[in-house]
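Novice: Data: model_3.pdb, PDB, C-alpha atoms.
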MODEL        1
ATOM      1  CA  MET A   1       8.166 -11.090  20.174
ATOM      2  CA  LYS A   2       9.045 -11.267  16.463
ATOM      3  CA  THR A   3       6.654  -8.414  15.727
ATOM      4  CA  ASN A   4       8.246  -6.227  18.400
ATOM      5  CA  TYR A   5      11.678  -6.999  16.954
ATOM      6  CA  LEU A   6      10.573  -5.997  13.458
ATOM      7  CA  LEU A   7       8.974  -2.812  14.738
ATOM      8  CA  SER A   8      12.226  -1.972  16.501
ATOM      9  CA  LEU A   9      14.120  -2.437  13.230
ATOM     10  CA  VAL A  10      11.731  -0.081  11.446
ATOM     11  CA  VAL A  11      12.142   2.570  14.163
ATOM     12  CA  LEU A  12      15.931   2.147  14.044
ATOM     13  CA  LEU A  13      15.889   2.624  10.264
ATOM     14  CA  PHE A  14      13.911   5.850  10.628
ATOM     15  CA  ILE A  15      16.280   7.176  13.307
ATOM     16  CA  THR A  16      19.307   6.279  11.177
ATOM     17  CA  TYR A  17      17.962   8.287   8.255
ATOM     18  CA  SER A  18      17.137  11.178  10.569
ATOM     19  CA  VAL A  19      20.624  11.317  12.056
ATOM     20  CA  ASN A  20      22.425  10.970   8.715
ATOM     21  CA  ALA A  21      19.995  13.039   6.672
ATOM     22  CA  GLN A  22      21.246  15.241   3.866
ATOM     23  CA  ASP A  23      19.383  17.861   1.900
ATOM     24  CA  VAL A  24      17.556  16.083  -0.907
ATOM     25  CA  LYS A  25      17.450  19.255  -2.999
ATOM     26  CA  PRO A  26      19.368  22.051  -1.286
ATOM     27  CA  GLY A  27      17.501  25.349  -1.377
ATOM     28  CA  ILE A  28      14.093  23.914  -2.276
ATOM     29  CA  SER A  29      11.266  24.725   0.128
ATOM     30  CA  ALA A  30       9.128  22.077   1.787
ATOM     31  CA  SER A  31       6.141  23.462  -0.139
ATOM     32  CA  ASP A  32       7.842  23.042  -3.535
ATOM     33  CA  LEU A  33       9.082  19.602  -2.547
ATOM     34  CA  ALA A  34       5.513  18.568  -1.725
ATOM     35  CA  LYS A  35       4.435  19.583  -5.238
ATOM     36  CA  GLU A  36       7.239  17.509  -6.762
ATOM     37  CA  LEU A  37       6.202  14.503  -4.688
ATOM     38  CA  ALA A  38       2.710  14.738  -6.190
ATOM     39  CA  ASN A  39       4.304  13.513  -9.427
ATOM     40  CA  PRO A  40       4.112   9.671  -9.391
ATOM     41  CA  ASN A  41       7.174   9.536 -11.663
ATOM     42  CA  ALA A  42       9.308  12.012  -9.709
ATOM     43  CA  THR A  43      12.980  11.156  -9.252
ATOM     44  CA  LEU A  44      12.822  11.379  -5.470
ATOM     45  CA  GLY A  45      13.523   8.696  -2.893
ATOM     46  CA  GLN A  46      11.029   7.952  -0.149
ATOM     47  CA  MET A  47      10.853   5.552   2.770
ATOM     48  CA  LEU A  48       7.107   5.136   3.181
ATOM     49  CA  PHE A  49       5.560   3.896   6.424
ATOM     50  CA  PRO A  50       1.778   3.603   5.928
ATOM     51  CA  ILE A  51      -0.013   2.585   9.149
ATOM     52  CA  ASP A  52      -3.541   1.198   8.682
ATOM     53  CA  PHE A  53      -6.374   0.893  11.209
ATOM     54  CA  ILE A  54      -9.224  -1.169   9.748
ATOM     55  CA  ASP A  55     -12.740  -1.888  11.048
ATOM     56  CA  TYR A  56     -14.603  -4.851   9.552
ATOM     57  CA  ASN A  57     -18.202  -5.782   8.870
ATOM     58  CA  GLY A  58     -20.061  -8.772   7.455
ATOM     59  CA  ASP A  59     -22.597 -11.562   7.866
ATOM     60  CA  VAL A  60     -20.225 -13.944   9.662
ATOM     61  CA  ASP A  61     -20.881 -14.122  13.423
ATOM     62  CA  GLY A  62     -18.644 -11.649  15.236
ATOM     63  CA  ALA A  63     -17.580  -9.825  12.074
ATOM     64  CA  ASN A  64     -18.742  -6.413  13.247
ATOM     65  CA  ALA A  65     -16.454  -6.539  16.278
ATOM     66  CA  GLN A  66     -13.265  -7.193  14.285
ATOM     67  CA  ASN A  67     -10.477  -4.722  13.558
ATOM     68  CA  ALA A  68      -6.849  -4.761  12.464
ATOM     69  CA  THR A  69      -3.705  -2.675  12.777
ATOM     70  CA  VAL A  70      -0.895  -3.054  10.266
ATOM     71  CA  LEU A  71       2.378  -1.204   9.786
ATOM     72  CA  ASN A  72       3.708  -1.259   6.224
ATOM     73  CA  PHE A  73       7.174  -0.399   4.963
ATOM     74  CA  GLN A  74       7.578   0.501   1.288
ATOM     75  CA  PRO A  75      10.873   1.975   0.094
ATOM     76  CA  SER A  76      10.599   3.812  -3.226
ATOM     77  CA  LEU A  77      13.980   4.572  -4.805
ATOM     78  CA  PRO A  78      13.494   5.164  -8.545
ATOM     79  CA  ILE A  79      16.430   4.399 -10.814
ATOM     80  CA  PRO A  80      16.707   7.043 -13.585
ATOM     81  CA  ILE A  81      17.223   5.503 -17.025
ATOM     82  CA  SER A  82      16.934   8.632 -19.154
ATOM     83  CA  GLU A  83      15.072  11.948 -19.072
ATOM     84  CA  GLY A  84      11.533  11.243 -17.847
ATOM     85  CA  ILE A  85      12.036   7.456 -17.674
ATOM     86  CA  ASN A  86      12.577   5.625 -14.376
ATOM     87  CA  LEU A  87      12.859   2.033 -13.219
ATOM     88  CA  TYR A  88      11.024   1.082 -10.014
ATOM     89  CA  VAL A  89      11.623  -1.924  -7.761
ATOM     90  CA  ARG A  90       9.247  -1.467  -4.818
ATOM     91  CA  PRO A  91       8.703  -4.074  -2.112
ATOM     92  CA  LEU A  92       5.802  -3.709   0.333
ATOM     93  CA  ILE A  93       6.491  -5.296   3.716
ATOM     94  CA  PRO A  94       3.543  -5.539   6.161
ATOM     95  CA  ILE A  95       3.824  -6.117   9.895
ATOM     96  CA  TYR A  96       0.529  -7.080  11.568
ATOM     97  CA  THR A  97       0.187  -6.043  15.197
ATOM     98  CA  SER A  98      -3.371  -7.401  15.196
ATOM     99  CA  GLN A  99      -5.286  -9.138  12.408
ATOM    100  CA  PRO A 100      -8.547 -11.118  12.601
ATOM    101  CA  THR A 101      -8.389 -14.691  11.327
ATOM    102  CA  THR A 102     -11.116 -17.315  11.119
ATOM    103  CA  THR A 103     -10.949 -20.599  12.975
ATOM    104  CA  ALA A 104     -13.360 -23.448  13.646
ATOM    105  CA  SER A 105     -14.342 -21.752  16.926
ATOM    106  CA  GLY A 106     -14.672 -18.216  15.525
ATOM    107  CA  PHE A 107     -12.423 -15.219  15.081
ATOM    108  CA  LYS A 108      -8.935 -15.023  16.526
ATOM    109  CA  GLN A 109      -6.496 -12.107  16.513
ATOM    110  CA  GLU A 110      -3.022 -12.869  15.180
ATOM    111  CA  SER A 111       0.157 -10.844  14.719
ATOM    112  CA  GLY A 112       3.385 -11.240  12.812
ATOM    113  CA  PHE A 113       5.391 -10.487   9.728
ATOM    114  CA  GLY A 114       3.126 -10.440   6.662
ATOM    115  CA  ASN A 115       3.192 -11.508   3.028
ATOM    116  CA  ILE A 116       5.658  -9.392   1.031
ATOM    117  CA  SER A 117       4.526  -8.043  -2.323
ATOM    118  CA  ALA A 118       6.598  -6.156  -4.874
ATOM    119  CA  ASP A 119       6.460  -4.595  -8.287
ATOM    120  CA  VAL A 120       9.112  -4.039 -10.947
ATOM    121  CA  ALA A 121       8.067  -1.430 -13.483
ATOM    122  CA  ILE A 122       9.216   1.320 -15.826
ATOM    123  CA  GLY A 123       7.516   4.725 -15.736
ATOM    124  CA  LYS A 124       7.614   7.400 -18.412
ATOM    125  CA  THR A 125       6.518  11.041 -18.362
ATOM    126  CA  TRP A 126       5.343  12.248 -21.776
ATOM    127  CA  PRO A 127       5.522  15.843 -23.080
ATOM    128  CA  SER A 128       1.723  16.038 -22.711
ATOM    129  CA  LYS A 129       2.207  15.517 -18.933
ATOM    130  CA  TRP A 130       0.608  12.103 -19.111
ATOM    131  CA  ILE A 131       2.508   9.400 -17.216
ATOM    132  CA  THR A 132       2.448   5.704 -18.035
ATOM    133  CA  LEU A 133       3.942   2.783 -16.170
ATOM    134  CA  ALA A 134       4.113  -0.906 -17.054
ATOM    135  CA  GLY A 135       5.601  -3.814 -15.185
ATOM    136  CA  VAL A 136       5.072  -6.963 -13.150
ATOM    137  CA  PHE A 137       3.490  -7.349  -9.712
ATOM    138  CA  GLY A 138       3.889 -10.312  -7.372
ATOM    139  CA  GLY A 139       2.850 -11.470  -3.906
ATOM    140  CA  PHE A 140       4.826 -14.003  -1.885
ATOM    141  CA  LYS A 141       4.038 -16.402   0.979
ATOM    142  CA  THR A 142       6.436 -14.902   3.506
ATOM    143  CA  ALA A 143       4.234 -14.451   6.598
ATOM    144  CA  SER A 144       5.912 -15.605   9.813
ATOM    145  CA  ASN A 145       2.570 -16.830  11.167
ATOM    146  CA  LYS A 146       1.097 -19.699   9.122
ATOM    147  CA  THR A 147      -2.411 -18.420   9.754
ATOM    148  CA  LEU A 148      -1.495 -15.098   8.122
ATOM    149  CA  ARG A 149       0.252 -16.721   5.176
ATOM    150  CA  ALA A 150      -1.275 -16.373   1.715
ATOM    151  CA  LYS A 151      -2.449 -19.612   0.148
ATOM    152  CA  GLN A 152      -0.590 -19.022  -3.123
ATOM    153  CA  THR A 153       2.217 -17.015  -4.614
ATOM    154  CA  THR A 154       0.687 -14.580  -7.098
ATOM    155  CA  LEU A 155       2.089 -12.957 -10.217
ATOM    156  CA  GLY A 156       0.708 -10.744 -12.965
ATOM    157  CA  PRO A 157       0.956  -7.539 -14.991
ATOM    158  CA  GLU A 158       0.749  -3.984 -13.661
ATOM    159  CA  VAL A 159      -0.105  -0.774 -15.494
ATOM    160  CA  MET A 160      -0.561   2.818 -14.366
ATOM    161  CA  VAL A 161      -1.943   5.865 -16.139
ATOM    162  CA  ALA A 162      -1.679   9.290 -14.507
ATOM    163  CA  LYS A 163      -1.973  12.936 -15.477
ATOM    164  CA  LEU A 164      -0.107  15.933 -14.101
ATOM    165  CA  THR A 165      -2.566  18.809 -13.875
ATOM    166  CA  SER A 166      -2.625  22.473 -12.917
ATOM    167  CA  PHE A 167      -3.905  21.476  -9.454
ATOM    168  CA  GLY A 168      -1.701  18.411  -8.832
ATOM    169  CA  ALA A 169      -2.071  14.883 -10.176
ATOM    170  CA  VAL A 170      -4.611  12.107 -10.681
ATOM    171  CA  GLY A 171      -4.205   8.501 -11.764
ATOM    172  CA  ILE A 172      -5.010   4.811 -11.431
ATOM    173  CA  ILE A 173      -2.993   1.606 -11.020
ATOM    174  CA  ILE A 174      -4.384  -1.725 -12.240
ATOM    175  CA  THR A 175      -2.879  -5.142 -11.541
ATOM    176  CA  HIS A 176      -4.073  -8.663 -12.153
ATOM    177  CA  ALA A 177      -2.720 -11.537 -10.083
ATOM    178  CA  TRP A 178      -2.956 -15.236 -10.867
ATOM    179  CA  GLY A 179      -2.106 -17.904  -8.339
ATOM    180  CA  ILE A 180       1.042 -19.942  -8.935
ATOM    181  CA  GLY A 181       1.613 -23.392  -7.489
ATOM    182  CA  SER A 182      -0.395 -25.602  -5.158
ATOM    183  CA  THR A 183      -2.431 -24.470  -2.158
ATOM    184  CA  ASP A 184      -1.889 -27.776  -0.340
ATOM    185  CA  ASP A 185       0.483 -26.236   2.231
ATOM    186  CA  SER A 186      -2.094 -23.721   3.467
ATOM    187  CA  ASP A 187      -3.735 -24.225   6.839
ATOM    188  CA  PRO A 188      -7.161 -25.873   6.251
ATOM    189  CA  GLU A 189      -8.398 -25.025   9.755
ATOM    190  CA  SER A 190      -7.946 -21.249   9.632
ATOM    191  CA  SER A 191      -7.370 -18.423   7.190
ATOM    192  CA  ALA A 192      -6.438 -14.777   7.381
ATOM    193  CA  ILE A 193      -8.702 -11.924   6.397
ATOM    194  CA  LEU A 194      -6.261  -9.715   4.560
ATOM    195  CA  ALA A 195      -6.946  -6.574   2.585
ATOM    196  CA  ASP A 196      -4.765  -7.747  -0.300
ATOM    197  CA  ASP A 197      -6.317 -11.130  -1.069
ATOM    198  CA  PHE A 198      -9.687 -11.758   0.692
ATOM    199  CA  TRP A 199      -9.111 -15.500   0.915
ATOM    200  CA  LEU A 200     -12.226 -16.087   2.999
ATOM    201  CA  THR A 201     -14.495 -15.370   0.029
ATOM    202  CA  SER A 202     -12.536 -17.329  -2.581
ATOM    203  CA  ASP A 203     -15.320 -19.920  -2.447
ATOM    204  CA  GLY A 204     -12.973 -22.894  -2.344
ATOM    205  CA  SER A 205     -11.354 -22.173  -5.688
ATOM    206  CA  SER A 206      -8.118 -24.020  -6.350
ATOM    207  CA  SER A 207      -6.438 -20.930  -7.788
ATOM    208  CA  THR A 208      -6.346 -17.179  -7.311
ATOM    209  CA  SER A 209      -7.532 -14.627  -9.865
ATOM    210  CA  ILE A 210      -7.769 -11.088  -8.518
ATOM    211  CA  THR A 211      -7.845  -7.741 -10.298
ATOM    212  CA  ALA A 212      -6.736  -5.025  -7.909
ATOM    213  CA  GLY A 213      -5.048  -1.680  -7.744
ATOM    214  CA  GLN A 214      -5.235   1.845  -6.492
ATOM    215  CA  TYR A 215      -6.635   5.157  -7.643
ATOM    216  CA  PHE A 216      -5.029   8.337  -6.399
ATOM    217  CA  TYR A 217      -5.207  12.096  -6.554
ATOM    218  CA  THR A 218      -3.351  15.059  -5.080
ATOM    219  CA  ILE A 219      -4.624  18.640  -4.944
ATOM    220  CA  ASN A 220      -2.038  21.276  -4.062
ATOM    221  CA  LEU A 221      -3.111  23.923  -1.557
ATOM    222  CA  GLU A 222      -1.293  26.914  -0.081
ATOM    223  CA  LYS A 223       1.772  26.638   2.197
ATOM    224  CA  GLY A 224       2.511  23.075   1.145
ATOM    225  CA  TRP A 225      -0.746  21.504   2.288
ATOM    226  CA  GLN A 226      -2.333  18.954  -0.036
ATOM    227  CA  ILE A 227      -5.640  17.124  -0.260
ATOM    228  CA  THR A 228      -4.840  13.568  -1.236
ATOM    229  CA  ALA A 229      -5.990   9.946  -1.213
ATOM    230  CA  SER A 230      -4.846   6.613  -2.592
ATOM    231  CA  PRO A 231      -7.528   3.979  -1.807
ATOM    232  CA  THR A 232      -6.934   0.382  -2.886
ATOM    233  CA  TYR A 233      -9.597  -1.785  -4.523
ATOM    234  CA  ALA A 234      -9.918  -5.462  -5.455
ATOM    235  CA  TYR A 235     -12.159  -7.724  -7.540
ATOM    236  CA  ASN A 236     -11.950 -11.417  -6.657
ATOM    237  CA  HIS A 237     -13.019 -13.281  -9.786
ATOM    238  CA  ASN A 238     -13.354 -16.617  -7.952
ATOM    239  CA  ALA A 239     -15.465 -15.343  -5.062
ATOM    240  CA  SER A 240     -19.128 -16.156  -4.662
ATOM    241  CA  SER A 241     -21.808 -13.639  -5.605
ATOM    242  CA  GLY A 242     -21.825 -10.654  -3.251
ATOM    243  CA  ASN A 243     -18.231 -11.239  -2.216
ATOM    244  CA  LYS A 244     -16.306 -10.213  -5.318
ATOM    245  CA  LEU A 245     -15.831  -6.431  -5.137
ATOM    246  CA  THR A 246     -14.011  -4.391  -2.504
ATOM    247  CA  LEU A 247     -14.074  -0.676  -3.276
ATOM    248  CA  PRO A 248     -13.452   2.305  -0.954
ATOM    249  CA  ILE A 249     -13.818   6.012  -1.511
ATOM    250  CA  GLY A 250     -11.453   8.193   0.443
ATOM    251  CA  THR A 251      -9.868  11.526   1.093
ATOM    252  CA  GLY A 252      -7.145  12.929   3.286
ATOM    253  CA  ILE A 253      -4.603  15.660   3.857
ATOM    254  CA  GLN A 254      -0.808  15.785   3.982
ATOM    255  CA  LYS A 255       2.138  18.146   4.279
ATOM    256  CA  VAL A 256       5.929  17.995   3.955
ATOM    257  CA  LEU A 257       7.759  19.070   7.104
ATOM    258  CA  LYS A 258      11.479  19.389   7.722
ATOM    259  CA  PHE A 259      13.133  17.847  10.781
ATOM    260  CA  GLY A 260      16.570  19.421  10.596
ATOM    261  CA  LYS A 261      17.760  18.512   7.104
ATOM    262  CA  LEU A 262      15.317  15.625   6.750
ATOM    263  CA  PRO A 263      12.092  16.305   4.800
ATOM    264  CA  VAL A 264       9.230  14.077   5.922
ATOM    265  CA  ARG A 265       5.840  13.781   4.251
ATOM    266  CA  ILE A 266       3.171  13.258   6.908
ATOM    267  CA  GLY A 267      -0.485  12.653   6.139
ATOM    268  CA  GLY A 268      -3.719  10.982   7.094
ATOM    269  CA  GLN A 269      -6.527   9.440   5.032
ATOM    270  CA  TYR A 270      -9.993   7.999   5.696
ATOM    271  CA  TRP A 271     -11.509   5.358   3.408
ATOM    272  CA  TYR A 272     -15.155   4.267   3.466
ATOM    273  CA  TYR A 273     -15.919   1.022   1.637
ATOM    274  CA  VAL A 274     -18.955   1.484  -0.606
ATOM    275  CA  ALA A 275     -18.567  -2.138  -1.721
ATOM    276  CA  THR A 276     -17.236  -4.898   0.531
ATOM    277  CA  PRO A 277     -17.684  -8.689   0.652
ATOM    278  CA  ASP A 278     -21.007  -9.613   2.260
ATOM    279  CA  ALA A 279     -19.451 -12.393   4.317
ATOM    280  CA  PHE A 280     -16.570 -10.393   5.789
ATOM    281  CA  GLY A 281     -14.709  -7.317   4.646
ATOM    282  CA  PRO A 282     -13.436  -3.865   5.605
ATOM    283  CA  GLN A 283     -15.918  -1.054   6.267
ATOM    284  CA  HIS A 284     -13.781   1.818   7.589
ATOM    285  CA  GLN A 285     -10.062   2.393   7.221
ATOM    286  CA  PHE A 286      -7.785   5.096   8.606
ATOM    287  CA  ARG A 287      -4.289   5.430   7.169
ATOM    288  CA  ILE A 288      -1.454   7.475   8.622
ATOM    289  CA  THR A 289       1.596   7.835   6.387
ATOM    290  CA  ILE A 290       5.067   8.891   7.482
ATOM    291  CA  ALA A 291       7.484   9.142   4.558
ATOM    292  CA  PRO A 292      11.044  10.476   4.955
ATOM    293  CA  VAL A 293      12.311  11.887   1.650
ATOM    294  CA  VAL A 294      15.856  10.624   1.122
ATOM    295  CA  PRO A 295      18.668  11.129  -1.410
ATOM    296  CA  LEU A 296      18.910   8.415  -4.054
ATOM    297  CA  PRO A 297      21.947   6.176  -3.492
ATOM    298  CA  TRP A 298      22.893   6.272  -7.190
TER
ENDMDL
END
Please rewrite the model in this file as structure tokens.

Specialist:
Amino acid sequence: MKTNYLLSLVVLLFITYSVNAQDVKPGISASDLAKELANPNATLGQMLFPIDFIDYNGDVDGANAQNATVLNFQPSLPIPISEGINLYVRPLIPIYTSQPTTTASGFKQESGFGNISADVAIGKTWPSKWITLAGVFGGFKTASNKTLRAKQTTLGPEVMVAKLTSFGAVGIIITHAWGIGSTDDSDPESSAILADDFWLTSDGSSSTSITAGQYFYTINLEKGWQITASPTYAYNHNASSGNKLTLPIGTGIQKVLKFGKLPVRIGGQYWYYVATPDAFGPQHQFRITIAPVVPLPW
């Protein structure tokens, strides 16, 4: 019931923006707007709704039959500081409609509001068309379902390096998260298998230490079409051998369309995991992204 309520709020937010939409940049074509959005330091507001469909694999009994569906909401409203310099405060709010968890009797599907993560960072575009970003990334134990709740709050640094090119853009984000506080309030009888922490393979460690991030690229095509991908990776330093690295390769396509005055970036990606925890981890992932482009409120 809570999940349906949250989904309804997300839909209502999208409809509200659609009804009250204003031209983000009057006179600019959808094709030119798509090229601007390829810039990871562009001063454009977006309400991103990535929807992930994940198939799992692994040595644990029943692993090959597991899958998950998660709706994410990530508003991105950069705050301009000066020419080429922006401040970002970006929460990522997941809503799990189905997520495999482990219990004493095997796998169980759960749903609910997920663990919120967020970054606070400053990005700068240099005259050489290189872009750098530095800040802080954190993950918080906010899941409505205890089984889906992370075992620790995490906090650590975040950096990004990207390059604007003649064909589009390419870059990488790197974060490192350390666990903060005790894990005593976690559920000892069950644990979630989540793409952002991989608690199952933490090998009983008392604290979290995970290097993670995202690499991305965008290739501009004709008529506003783009080839693009932004797979996420993770390296769990406290996992047992064979369960440390999670690394996908991926590609996809997207385009900016206009619904009345509202520009919306719509795209799809496929990720194949060339490295995944032996015990249990993702093997295939499909991502659909719907991202209304909105005027900045400041």

Novice: What do you get, as a ChimeraX atom specification, if you spell out every residue that the PyMOL selection byres ((chain A and resi 38) around 7) selects here?

Specialist: /A:34-37,39-40,168-169,218

Novice: Could you check which of A:Trp130, A:Phe53, A:Phe280, A:Phe107 is closest to A:Ala239, using only C-alpha atoms?

Specialist: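 Of all the options, A:Phe280 lies closest to A:Ala239.
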
Novice: To one decimal in Å, tell me the separation between atom CA of A:Lys255 and atom CA of A:Phe286.

Specialist: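 Answer for the atom CA of A:Lys255 to atom CA of A:Phe286 separation: 17.0 Å.
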
Novice: Specify as a PyMOL selection string each residue included when the PyMOL selection byres ((chain A and resi 86) around 12) is applied to this file.

Specialist: chain A and resi 40-45+76-85+87-89+120-125+131-135

Novice: Go through A:Thr232, A:Ser182, A:Ser117, A:Asn220 one by one, measure the shortest atom-to-atom distance of each to A:Tyr272 using all atoms listed in the file, and give the residue with the smallest value.

Specialist: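 Among A:Thr232, A:Ser182, A:Ser117, A:Asn220, it is A:Thr232 that comes nearest to A:Tyr272.
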
Novice: Tell me, in Å to one decimal, how far atom CA of A:Leu48 is from atom CA of A:Pro292.

Specialist: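 We find that atom CA of A:Leu48 and atom CA of A:Pro292 lie 6.9 Å from each other.
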
Novice: For the file shown, what are the residues hit by the PyMOL selection byres ((chain A and resi 152) around 9), laid out as a list in words?

Specialist: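 In the shown coordinates, the PyMOL selection byres ((chain A and resi 152) around 9) covers Gly139, Phe140, Lys141, Arg149, Ala150, Lys151, Thr153, Thr154, Trp178, Gly179, Ile180, Gly181, Ser182, Thr183, Ser186, Ser207 and Thr208 of chain A.
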
Novice: Keeping only C-alpha atoms, take the residues you just selected and write them out as a short mmCIF file (atom, residue, chain, number, x, y, z; two decimals), in the coordinates of the input.

Specialist:
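Output file part-v5.cif follows:
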data_model
loop_
_atom_site.label_atom_id
_atom_site.label_comp_id
_atom_site.auth_asym_id
_atom_site.auth_seq_id
_atom_site.Cartn_x
_atom_site.Cartn_y
_atom_site.Cartn_z
CA GLY A 139 2.85 -11.47 -3.91
CA PHE A 140 4.83 -14.00 -1.88
CA LYS A 141 4.04 -16.40 0.98
CA ARG A 149 0.25 -16.72 5.18
CA ALA A 150 -1.27 -16.37 1.72
CA LYS A 151 -2.45 -19.61 0.15
CA THR A 153 2.22 -17.02 -4.61
CA THR A 154 0.69 -14.58 -7.10
CA TRP A 178 -2.96 -15.24 -10.87
CA GLY A 179 -2.11 -17.90 -8.34
CA ILE A 180 1.04 -19.94 -8.94
CA GLY A 181 1.61 -23.39 -7.49
CA SER A 182 -0.40 -25.60 -5.16
CA THR A 183 -2.43 -24.47 -2.16
CA SER A 186 -2.09 -23.72 3.47
CA SER A 207 -6.44 -20.93 -7.79
CA THR A 208 -6.35 -17.18 -7.31
#

Novice: Write out as a PyMOL selection string the residues lying within 8 Å of A:Glu110, counting all atoms listed in the file and excluding same-chain residues fewer than 3 positions away.

Specialist: chain A and resi 96-101+145+147-148

Novice: Which residues are close to A:Gly250, i.e. within 8 Å by only C-alpha atoms, leaving aside same-chain residues fewer than 4 positions away? Reply as a ChimeraX atom specification.

Specialist: /A:229-231,269-272

Novice: Suppose you want the space between atom CA of A:Leu155 and atom CA of A:Ile116; what is it in Å?

Specialist: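 So the two atoms, atom CA of A:Leu155 and atom CA of A:Ile116, lie 12.3 Å apart.
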
Novice: Could the centre and edge lengths of an axis-aligned box, enclosing all atoms of stretch 69-73 of chain A in the file with 3 Å extra on each side, be given in Å to one decimal as AutoDock Vina command-line options?

Specialist:
--center_x 1.7 --center_y -1.7 --center_z 8.9 --size_x 16.9 --size_y 8.7 --size_z 13.8

Novice: Set the distance at 10 Å and use all atoms listed in the file: which residues neighbour A:Gly242 once local chain neighbours fewer than 5 positions away are removed? I'd like the list as number ranges by chain.

Specialist: A: 201, 275-279

Novice: I want to know what sits within 10 Å of A:Val24, based on all atoms listed in the file, with residues of the same chain fewer than 4 positions away left out; could you give that as a ChimeraX atom specification?

Specialist: /A:28,33,44-45,261-263,293-296

Novice: Identify, on the basis of all atoms listed in the file, every residue whose closest approach to A:Ala118 does not exceed 7 Å; exclude the query and any residue fewer than 3 positions from it along the same chain; express the result as a PDB file with C-alpha atoms, in the frame of the given file.

Specialist:
ATOM      1  CA  ARG A  90       9.247  -1.467  -4.818  1.00  0.00           C
ATOM      2  CA  PRO A  91       8.703  -4.074  -2.112  1.00  0.00           C
ATOM      3  CA  LEU A  92       5.802  -3.709   0.333  1.00  0.00           C
ATOM      4  CA  PHE A 137       3.490  -7.349  -9.712  1.00  0.00           C
ATOM      5  CA  GLY A 138       3.889 -10.312  -7.372  1.00  0.00           C
ATOM      6  CA  GLY A 139       2.850 -11.470  -3.906  1.00  0.00           C
TER       7      GLY A 139
END

Novice: Counting all atoms listed in the file, which of A:Ala104, A:Pro297, A:Arg287, A:Ser144 gets nearest to A:Thr69?

Specialist: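 Of all the options, A:Arg287 lies closest to A:Thr69.
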